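**Student:** Once you've had a glance at the structure underneath, I'll fire off some questions.
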Amino acid sequence: MDNIGVRGKNFVSFVQNIVSNNKISHAYIIELYDYDTDMDLINRFIKLLLCKNGIKDVDNVNCGACNICSLVDSHNYPDIRYIEPNGKEIKKNQLLELQKDFNNKSLLENKRIYVIKEAEKLNASAANTLLKFLEEPADDIIAILLTNNRYKLLDTILSRCQVLTVGAEVTELDYSNEVNDVLTYIVKGECLFVSYGVLFNYMPEKLTAMAYFKKIEDILITFLRDGTSSYECLYKVNKKTIVKILSILEEELPKLEFNVNYKLWLDSLFSKMIGGVYFV
């Protein structure tokens with residue numbers, strides 16, 4: 001598939017499955033690893049959503065039977081709107097203009113899509129305006145919010161969107177053995193501090209920890225959704241433990257954005273996660 005790499009193939013395969021099974025949401029938050037390279041993946045997703053003939057093969061970016069793909073690539077598709085920061089933020093008037101545009105019917109009798117780049121830069125008024133738009137979704141309108149950190153968005157917006165993640169290349173974040181160790185430590189429900197040195201070697205600084213825990217978060221969400229996982233330790237605990245760990249991660253990861261004492265934060269995180277583990 002072109003030069004989009006393993007992470008790109010995984011993302012496109014996943015969204016193709018969404019479309020082919022008619023599981024399309026009215027709103028997505030897509031967490032990007034790199035805007036410069038990942039916009040091609042977003043375009044592929046949009047083409048999958050819009051193509052009336054059905055792009056059957058993830059290796060193809062065009063069904064060959066219509067001109068939708070070329071219009072998307074050239075940013076000339078009439079029912080797509082792109083919004084990005086005006087200066088340092090996205091402002092309310094930009095969202096109001098979007099709503100005004102989308103009050104009209106589709107010019108091509110197809111889905112209408114709006115893409116908000118750097119969605120974490122929505123100012124308070126813009127975020128509230130967007131929230132009202134999301135609360136009353138039209139059947140043919142799809143929102144795609146792009147960000148490099150989902151935790152910078154309002155919880156109320158997060159709760160109304162399906163979250164997808166385009167991670168780094170496997171060669172950059174190929175630490176499945178270490179992730180397995182961390183997951184095993186967590187779900188054992190035992191005191192972790194005897195192994196703290198090992199854990200800290202895996203995650204010596206904030207950015208690495210963020211990458212680890214986002215990967216763990218994705219693993220846990222997939223396990224809850226599908227009931228399957230290559231990590232055997234997950235089958236040894238009750239699913240409400242998984243939900244608890246996810247809620248702790250959602251609460252604690254945003255704190256890394258601030259000037260916290262990283263070692264104390266990691267100690268606190270693990271002590272919260274291993275408390276009250278429910279075994280199957």
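Within each chain, counting starts at residue 1; across the structure tokens, chains are named A, B, ... in the order shown, with ligands numbered 1 upward in that order.
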Near stretch 117-121 of chain A, within 12 Å and counting only C-alpha atoms, which residues show up once chain neighbours fewer than 5 positions away are dropped, as number ranges by chain?
**Tutor:** A: 28-32, 34-36, 38-39, 42, 81-92, 95, 126-127, 130, 143-155, 157-158
**Student:** Calculate how many Å separate atom CA of A:Phe223 from atom CA of A:Lys239, rounding to one decimal.
**Tutor:** 9.0 Å
**Student:** Could you check which of A:Lys132, A:Lys263, A:Arg225, A:Lys100 is closest to A:Glu205, using only C-alpha atoms?
**Tutor:**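 Under the stated criterion, the closest residue is A:Lys263.
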**Student:** So which one's closest to A:Asn93, A:Leu134, A:Ser271, A:Asn123, A:Tyr77? Using only C-alpha atoms, please.
**Tutor:**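 Selected residue with least distance to A:Asn93: A:Asn123.
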**Student:** Which of stretch 53-262 of chain A end up as helix (DSSP H, G or I) when DSSP is run on this backbone - answer as an MDAnalysis selection string?
**Tutor:** chainID A and resid 68:73 92:101 119:121 124:135 150:152 155:158 176:188 193:202 206:226 232:236 239:257 262
**Student:** Of the candidates A:Met203, A:Leu164, A:Val187, A:Ile248, which shows the shortest atom-to-atom distance to A:Val12, using only C-alpha atoms?
**Tutor:**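 For A:Val12, the nearest of the given residues is A:Leu164.
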**Student:** Run DSSP on the backbone and give me the residues of stretch 25-271 of chain A it puts in strand (DSSP E), as JSON, numbers by chain.
**Tutor:** {"A": [27, 28, 29, 30, 31, 80, 81, 82, 83, 112, 113, 114, 115, 116, 141, 142, 143, 144, 145, 146, 147, 162, 163, 164, 165]}
**Student:** Kindly give the distance, in Å, that separates atom CA of A:Leu108 and atom CA of A:Val163, rounded to a single decimal.
**Tutor:**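 For atom CA of A:Leu108 relative to atom CA of A:Val163, the distance reads 27.7 Å.
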